[in-house]
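Here is the file my_file.cif (mmCIF, C-alpha atoms and all ligand atoms).
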data_data
#
loop_
_atom_site.label_atom_id
_atom_site.label_comp_id
_atom_site.auth_asym_id
_atom_site.auth_seq_id
_atom_site.Cartn_x
_atom_site.Cartn_y
_atom_site.Cartn_z
CA MET A 1 0.00 0.00 0.00
CA ALA A 2 1.12 3.53 -0.67
CA THR A 3 1.63 5.94 2.19
CA THR A 4 0.46 9.48 1.56
CA THR A 5 0.59 12.52 3.80
CA ASP A 6 -2.27 14.95 3.98
CA ASP A 7 -0.51 18.33 4.19
CA ASN A 8 -3.36 20.03 6.02
CA SER A 9 -3.84 17.59 8.83
CA GLY A 10 -0.57 15.70 8.88
CA VAL A 11 -2.66 12.52 8.92
CA VAL A 12 -0.96 9.64 7.20
CA ALA A 13 -3.27 7.52 5.11
CA THR A 14 -2.65 4.43 3.05
CA ARG A 15 -4.22 3.92 -0.32
CA PRO A 16 -4.81 0.43 -1.65
CA GLY A 17 -4.00 -0.71 -5.16
CA ALA A 18 -0.19 -0.47 -5.11
CA LEU A 19 1.35 -2.42 -8.00
CA ARG A 20 4.89 -3.71 -8.08
CA PHE A 21 6.60 -5.22 -11.12
CA ALA A 22 9.80 -7.09 -10.31
CA ASP A 23 11.93 -8.24 -13.25
CA VAL A 24 8.79 -8.97 -15.31
CA HIS A 25 9.21 -10.54 -18.76
CA HIS A 26 6.73 -11.97 -21.20
CA VAL A 27 7.38 -14.35 -24.07
CA TYR A 28 4.67 -15.47 -26.51
CA GLY A 29 5.10 -18.95 -27.99
CA GLN A 30 7.74 -21.55 -27.25
CA GLY A 31 10.89 -23.07 -28.68
CA ALA A 32 11.79 -21.87 -32.17
CA SER A 33 8.71 -19.63 -32.33
CA ALA A 34 9.34 -17.97 -28.94
CA ASN A 35 8.78 -14.22 -29.19
CA PRO A 36 10.03 -12.20 -26.19
CA VAL A 37 7.86 -9.07 -26.28
CA LEU A 38 8.26 -7.56 -22.83
CA GLY A 39 10.93 -7.11 -20.22
CA PRO A 40 12.63 -6.48 -18.03
CA ILE A 41 10.00 -4.33 -16.33
CA ASP A 42 10.75 -3.05 -12.82
CA LEU A 43 8.17 -0.59 -11.65
CA ASP A 44 6.55 0.60 -8.43
CA VAL A 45 3.11 2.14 -8.78
CA PRO A 46 1.80 3.61 -5.51
CA GLY A 47 -1.87 3.13 -4.67
CA GLY A 48 -3.97 5.94 -6.14
CA GLU A 49 -1.58 6.74 -8.98
CA PHE A 50 -2.99 7.61 -12.42
CA LEU A 51 -0.31 5.99 -14.57
CA CYS A 52 -0.42 6.57 -18.32
CA ILE A 53 1.51 4.23 -20.60
CA VAL A 54 2.40 5.46 -24.06
CA GLY A 55 4.40 3.75 -26.78
CA ALA A 56 4.33 2.63 -30.41
CA SER A 57 2.03 -0.13 -31.61
CA GLY A 58 3.40 -3.56 -30.78
CA CYS A 59 5.67 -2.47 -27.93
CA GLY A 60 3.75 -4.57 -25.41
CA LYS A 61 1.32 -2.13 -23.76
CA SER A 62 -1.67 -4.47 -24.00
CA THR A 63 0.48 -7.41 -22.96
CA LEU A 64 1.48 -5.53 -19.81
CA LEU A 65 -2.16 -4.79 -18.94
CA ARG A 66 -3.19 -8.41 -19.62
CA LEU A 67 -0.49 -9.58 -17.21
CA VAL A 68 -1.76 -7.23 -14.49
CA ALA A 69 -5.33 -8.37 -15.22
CA GLY A 70 -4.11 -11.94 -14.68
CA PHE A 71 -5.38 -13.14 -18.08
CA MET A 72 -2.05 -14.95 -18.59
CA PRO A 73 0.95 -15.67 -16.37
CA VAL A 74 4.23 -13.74 -16.57
CA SER A 75 7.06 -15.75 -18.15
CA ILE A 76 9.62 -14.49 -15.61
CA GLY A 77 9.36 -12.26 -12.53
CA ARG A 78 6.33 -11.27 -10.48
CA ILE A 79 3.63 -8.66 -10.31
CA THR A 80 2.01 -7.91 -6.97
CA ILE A 81 -0.97 -5.83 -5.91
CA ASP A 82 -0.62 -4.71 -2.29
CA ASP A 83 2.00 -7.46 -1.88
CA ARG A 84 -0.34 -10.19 -3.15
CA GLU A 85 1.07 -12.00 -6.18
CA ILE A 86 -1.12 -11.79 -9.27
CA SER A 87 -1.75 -15.22 -10.79
CA ALA A 88 -5.33 -14.95 -12.11
CA PRO A 89 -8.06 -12.36 -12.67
CA GLY A 90 -9.58 -11.08 -9.43
CA PRO A 91 -12.14 -8.65 -8.06
CA ASP A 92 -9.35 -6.26 -7.05
CA ARG A 93 -8.83 -5.37 -10.76
CA GLY A 94 -11.28 -4.14 -13.39
CA MET A 95 -10.50 -3.87 -17.11
CA VAL A 96 -11.82 -1.61 -19.86
CA PHE A 97 -10.89 -2.45 -23.47
CA GLN A 98 -10.89 -0.26 -26.56
CA GLN A 99 -13.98 -2.13 -27.77
CA PRO A 100 -16.60 -2.23 -25.03
CA THR A 101 -17.55 -5.96 -25.58
CA LEU A 102 -20.94 -5.64 -23.86
CA PHE A 103 -23.64 -8.33 -24.00
CA PRO A 104 -26.23 -7.10 -26.55
CA TRP A 105 -29.03 -9.29 -25.20
CA ARG A 106 -28.86 -7.62 -21.81
CA SER A 107 -29.83 -4.11 -20.84
CA VAL A 108 -27.22 -1.58 -19.76
CA ARG A 109 -28.11 -2.32 -16.14
CA GLY A 110 -28.17 -6.06 -16.86
CA ASN A 111 -24.55 -5.92 -18.07
CA VAL A 112 -23.42 -4.31 -14.84
CA GLU A 113 -25.57 -6.65 -12.71
CA LEU A 114 -23.93 -9.63 -14.41
CA ALA A 115 -20.46 -8.27 -13.60
CA LEU A 116 -21.54 -7.86 -9.96
CA LYS A 117 -22.82 -11.44 -9.92
CA LEU A 118 -19.53 -12.75 -11.34
CA ARG A 119 -17.71 -10.83 -8.63
CA GLY A 120 -19.77 -12.50 -5.92
CA TYR A 121 -21.86 -9.45 -5.05
CA PRO A 122 -24.91 -10.41 -2.90
CA ARG A 123 -27.97 -11.05 -5.10
CA GLY A 124 -30.35 -8.72 -3.27
CA GLU A 125 -27.99 -5.75 -3.57
CA ARG A 126 -26.94 -6.08 -7.20
CA ARG A 127 -29.64 -3.94 -8.76
CA ALA A 128 -29.14 -0.96 -6.47
CA GLU A 129 -25.36 -1.18 -6.82
CA ALA A 130 -25.57 -1.41 -10.63
CA GLU A 131 -27.76 1.70 -10.64
CA ARG A 132 -25.31 3.56 -8.39
CA LEU A 133 -22.39 2.68 -10.68
CA LEU A 134 -24.33 3.71 -13.79
CA ARG A 135 -25.21 7.05 -12.21
CA GLN A 136 -21.54 7.49 -11.31
CA VAL A 137 -20.54 7.19 -14.99
CA GLY A 138 -23.42 9.40 -16.19
CA LEU A 139 -25.72 6.65 -17.48
CA GLY A 140 -28.49 7.09 -14.92
CA ASP A 141 -31.03 7.76 -17.67
CA ALA A 142 -29.97 4.90 -19.94
CA MET A 143 -30.14 1.92 -17.58
CA HIS A 144 -33.00 0.15 -19.34
CA ARG A 145 -31.71 0.57 -22.86
CA ARG A 146 -30.06 -2.16 -24.89
CA THR A 147 -26.35 -1.63 -25.27
CA TYR A 148 -26.55 -1.54 -29.10
CA GLU A 149 -28.81 1.50 -28.83
CA LEU A 150 -26.02 3.47 -27.18
CA SER A 151 -23.40 5.73 -28.80
CA GLY A 152 -19.75 4.68 -28.65
CA GLY A 153 -19.10 7.02 -25.72
CA MET A 154 -22.08 5.68 -23.77
CA GLN A 155 -20.98 2.11 -24.43
CA GLN A 156 -17.57 2.93 -22.97
CA ARG A 157 -19.27 4.48 -19.92
CA CYS A 158 -21.18 1.22 -19.49
CA ALA A 159 -17.93 -0.77 -19.85
CA THR A 160 -16.39 1.47 -17.17
CA ALA A 161 -19.34 0.90 -14.81
CA ARG A 162 -18.92 -2.83 -15.40
CA ALA A 163 -15.20 -2.63 -14.63
CA LEU A 164 -16.03 -0.77 -11.39
CA ALA A 165 -18.33 -3.61 -10.26
CA GLY A 166 -17.22 -4.95 -6.91
CA ASP A 167 -15.16 -1.84 -6.19
CA PRO A 168 -11.75 -2.93 -7.56
CA GLU A 169 -8.64 -1.20 -6.27
CA VAL A 170 -7.10 -1.00 -9.73
CA LEU A 171 -8.70 0.04 -13.00
CA LEU A 172 -6.89 -1.12 -16.14
CA MET A 173 -7.82 0.77 -19.31
CA ASP A 174 -6.48 -0.21 -22.74
CA GLU A 175 -6.94 2.73 -25.13
CA PRO A 176 -10.56 3.08 -23.95
CA PHE A 177 -11.17 6.30 -25.89
CA GLY A 178 -9.17 5.30 -28.98
CA ALA A 179 -12.23 4.69 -31.15
CA LEU A 180 -14.18 7.79 -30.11
CA ASP A 181 -14.54 11.08 -31.96
CA ALA A 182 -12.53 14.05 -30.66
CA ILE A 183 -15.33 15.85 -28.78
CA THR A 184 -16.66 12.71 -27.10
CA ARG A 185 -13.10 11.78 -26.20
CA GLU A 186 -12.53 15.13 -24.50
CA HIS A 187 -15.71 14.73 -22.42
CA MET A 188 -14.81 11.18 -21.49
CA GLN A 189 -11.35 12.31 -20.37
CA GLN A 190 -12.84 14.93 -18.06
CA GLU A 191 -15.33 12.42 -16.66
CA LEU A 192 -12.66 9.81 -16.05
CA HIS A 193 -10.49 12.36 -14.29
CA ALA A 194 -13.44 13.31 -12.07
CA LEU A 195 -14.04 9.64 -11.30
CA TRP A 196 -10.40 9.25 -10.32
CA ARG A 197 -10.54 12.34 -8.05
CA GLU A 198 -13.65 10.93 -6.40
CA THR A 199 -12.44 7.35 -5.90
CA HIS A 200 -8.64 7.66 -5.98
CA LYS A 201 -8.37 4.22 -7.47
CA THR A 202 -5.09 3.25 -9.07
CA ILE A 203 -5.57 3.65 -12.82
CA VAL A 204 -3.25 2.18 -15.44
CA PHE A 205 -4.25 3.79 -18.71
CA VAL A 206 -2.78 2.90 -22.10
CA THR A 207 -2.93 5.48 -24.86
CA HIS A 208 -1.32 6.35 -28.18
CA SER A 209 -1.79 10.02 -27.43
CA VAL A 210 0.85 12.02 -25.57
CA ASP A 211 -1.68 14.79 -24.96
CA GLU A 212 -4.16 12.35 -23.44
CA ALA A 213 -1.44 11.16 -21.04
CA LEU A 214 -0.65 14.77 -20.07
CA ILE A 215 -4.31 15.60 -19.51
CA LEU A 216 -5.01 12.56 -17.35
CA GLY A 217 -1.94 11.19 -15.66
CA THR A 218 -0.05 11.82 -12.45
CA ARG A 219 2.80 9.93 -14.11
CA ALA A 220 3.66 8.82 -17.62
CA ILE A 221 5.89 6.04 -18.79
CA VAL A 222 7.07 5.47 -22.34
CA LEU A 223 7.31 1.81 -23.27
CA GLY A 224 9.46 0.81 -26.22
CA GLY A 225 12.34 -1.24 -27.55
CA ARG A 226 12.37 -4.92 -28.35
CA PRO A 227 11.48 -6.53 -26.01
CA GLY A 228 9.41 -3.64 -24.58
CA HIS A 229 10.77 -1.92 -21.48
CA VAL A 230 10.44 1.45 -19.76
CA LEU A 231 12.31 4.10 -21.78
CA LEU A 232 11.14 7.09 -19.78
CA ASP A 233 9.33 7.52 -16.46
CA LEU A 234 8.05 11.01 -15.64
CA PRO A 235 5.97 12.47 -12.82
CA LEU A 236 3.40 14.88 -14.32
CA ASN A 237 1.53 16.86 -11.63
CA LEU A 238 0.30 19.54 -14.04
CA GLN A 239 -2.07 22.24 -12.77
CA ARG A 240 -5.63 22.14 -14.10
CA ASP A 241 -7.72 25.14 -15.06
CA ALA A 242 -11.46 25.43 -14.36
CA GLU A 243 -12.23 23.22 -17.39
CA GLY A 244 -9.83 20.57 -16.10
CA ASP A 245 -7.36 21.38 -18.86
CA THR A 246 -3.59 21.08 -18.26
CA HIS A 247 -2.36 22.80 -21.48
CA HIS A 248 -1.83 26.12 -19.71
CA ASP A 249 0.67 24.75 -17.22
CA ALA A 250 4.15 26.13 -17.94
CA GLY A 251 5.64 22.63 -17.78
CA TYR A 252 3.29 21.13 -20.39
CA ALA A 253 5.40 21.79 -23.49
CA ASP A 254 8.59 20.47 -21.91
CA LEU A 255 6.95 17.23 -20.72
CA ARG A 256 5.32 16.81 -24.12
CA SER A 257 8.63 17.20 -25.90
CA GLN A 258 10.45 14.77 -23.55
CA ILE A 259 7.84 12.08 -24.17
CA SER A 260 7.72 12.73 -27.92
CA HIS A 261 11.52 12.56 -28.19
CA ALA A 262 11.62 9.24 -26.36
CA MET A 263 8.99 7.88 -28.77
CA ASP A 264 10.79 9.30 -31.83
CA ASP A 265 14.13 7.78 -30.74
CA ASP A 266 12.41 4.44 -30.26
CA TYR A 267 10.88 4.70 -33.73
CA GLN A 268 14.25 5.49 -35.32
CA ARG A 269 15.87 2.54 -33.55
CA SER A 270 13.07 0.18 -34.64
CA GLN A 271 13.48 1.30 -38.28
CA SER A 272 17.21 0.61 -38.25
CA GLU A 273 16.56 -2.88 -36.83
CA VAL A 274 14.39 -3.95 -39.77
CA PRO A 275 16.33 -6.58 -41.77
CA ARG A 276 17.09 -5.58 -45.37
N1 LIG B 301 -1.59 -13.62 -28.33
C1 LIG B 301 -0.42 -13.32 -28.90
N2 LIG B 301 0.37 -14.29 -29.42
C2 LIG B 301 1.56 -14.00 -29.99
N3 LIG B 301 2.05 -12.75 -30.11
C3 LIG B 301 1.31 -11.75 -29.63
C4 LIG B 301 0.04 -11.97 -29.01
N4 LIG B 301 -0.47 -10.77 -28.62
C5 LIG B 301 0.43 -9.85 -28.98
N5 LIG B 301 1.50 -10.42 -29.58
C6 LIG B 301 2.70 -9.74 -30.09
O1 LIG B 301 3.32 -9.11 -28.96
C7 LIG B 301 3.79 -7.83 -29.30
C8 LIG B 301 3.18 -6.81 -28.35
O2 LIG B 301 1.78 -6.76 -28.58
P1 LIG B 301 0.82 -5.83 -27.74
O3 LIG B 301 1.04 -6.07 -26.30
O4 LIG B 301 -0.55 -6.05 -28.26
O5 LIG B 301 1.35 -4.39 -28.14
P2 LIG B 301 0.66 -2.96 -28.06
O6 LIG B 301 -0.55 -3.07 -27.21
O7 LIG B 301 1.71 -2.05 -27.50
O8 LIG B 301 0.32 -2.57 -29.47
C9 LIG B 301 3.44 -7.61 -30.77
O9 LIG B 301 4.56 -7.90 -31.54
C10 LIG B 301 2.35 -8.60 -31.02
O10 LIG B 301 2.36 -9.03 -32.36
MG MG B 302 -2.58 -2.65 -27.59
#
Now, as a test, write the supplied structure out as structure tokens.
Amino acid sequence: MATTTDDNSGVVATRPGALRFADVHHVYGQGASANPVLGPIDLDVPGGEFLCIVGASGCGKSTLLRLVAGFMPVSIGRITIDDREISAPGPDRGMVFQQPTLFPWRSVRGNVELALKLRGYPRGERRAEAERLLRQVGLGDAMHRRTYELSGGMQQRCATARALAGDPEVLLMDEPFGALDAITREHMQQELHALWRETHKTIVFVTHSVDEALILGTRAIVLGGRPGHVLLDLPLNLQRDAEGDTHHDAGYADLRSQISHAMDDDYQRSQSEVPR
């Protein structure tokens, strides 16, 4: 668990959802077809951090999230959440994918109720909890609709409510706004940031967009190289204006250029590695 100090009161609080990666590697396939795609990764993520991961396609961002989700085992090393080793999916982690993958034969509320059921939530309390979660993501008026009737942004809100079922300590998000139009994306970013301020869950958020990382994160890492590893690790802590925008912070341009340079260097290296 992370230890944080409240400057006003001096009270020391601990936030759950601390992730630790120790010498983590991942290899797809075996023998002659073995493909080492990730590692070594050594990373400490305090509970309550909003960590953004950026990097070129294929550098292992989704693989890293899948390992934290427990969808597959690490090849070498260990990942822990609050000192518990991750070996399978669990109710302490919720995942949101780029495609919302909702069940079309269930209502919006039904999708969230099912997630609560799968997470062992008591039967008699599922409906009220699903409604609370849907209100939290701004879908209070759409609970009874079918998921295919919803816009892309609303479907992602539903997927987020589903990932929040059972109150996980860590929210894993794999380019969740990647398929949305620019205006919807901006709204969704502001809403997600508000959700994080409210809940202070640990969020690990994968994005292609440097600006998205700078708008949302308390920290950004650039993943790259073959196999993928951390090329750059930066605290962000940018000031927000009334609209929640960070562009006006004097440090924005410098952070943006550091991240972009790391990604450009990685791109140049990957081009020179291509066999002729
Ligand atoms: N199930 C899989 N089996 C074999 N190789 C995979 C599999 N999933 C991803 N890869 C390979 O692993 C590398 C990293 O993929 P991925 O984690 O999806 O990258 P990213 O999310 O950064 O685009 C890529 O080269 C990809 O082709
Ligand atoms: Mg990916």
(request) Could you give me, as a list in words, the residues within 9 Å of stretch 51-53 of chain A, counting all atoms listed in the file and dropping anything in the same chain fewer than 6 positions from it? (result) Val45, Lys61, Thr202, Ile203, Val204, Phe205, Val206, Thr207, His208, Glu212, Ala213, Leu214, Leu216, Gly217, Thr218, Arg219, Ala220, Ile221, Val222 and Leu223 of chain A
(message) When you look at A:Leu164 with a cut-off of 10 Å (counting all atoms listed in the file), what residues show up, excluding the ones that are within fewer than 6 positions of it in the same chain? I need them as a PyMOL selection string.
(response) chain A and resi 91-96+112+115-116+130+133-134+136-137+158+170-171+201
(message) Report, in Å to a single decimal, how far apart atom CA of A:Pro36 and atom CA of A:Met263 are.
(response) 20.3 Å
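Shortest separation to A:Met173 among A:Gln156, A:Thr199, A:Ser33, A:Ser151 occurs at residue A:Gln156, atoms counted being all atoms listed in the file.
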Give me the residues of chain A that have any atom at most 6 Å from an atom of ligand LIG 301 (chain B); for each, the nearest atom pair and the distance in Å, rounded to one decimal. Use all atoms listed in the file, sort by chain and number, and format it as a tab-separated table.
residue	atom	partner	partner_atom	distance
A:Tyr28	CA	B:LIG301	C2	4.9
A:Val37	CA	B:LIG301	C7	5.2
A:Ser57	CA	B:LIG301	O8	3.7
A:Gly58	CA	B:LIG301	O5	3.4
A:Cys59	CA	B:LIG301	O7	4.0
A:Gly60	CA	B:LIG301	O3	3.2
A:Lys61	CA	B:LIG301	O7	3.8
A:Ser62	CA	B:LIG301	O6	3.7
A:Thr63	CA	B:LIG301	O3	3.6
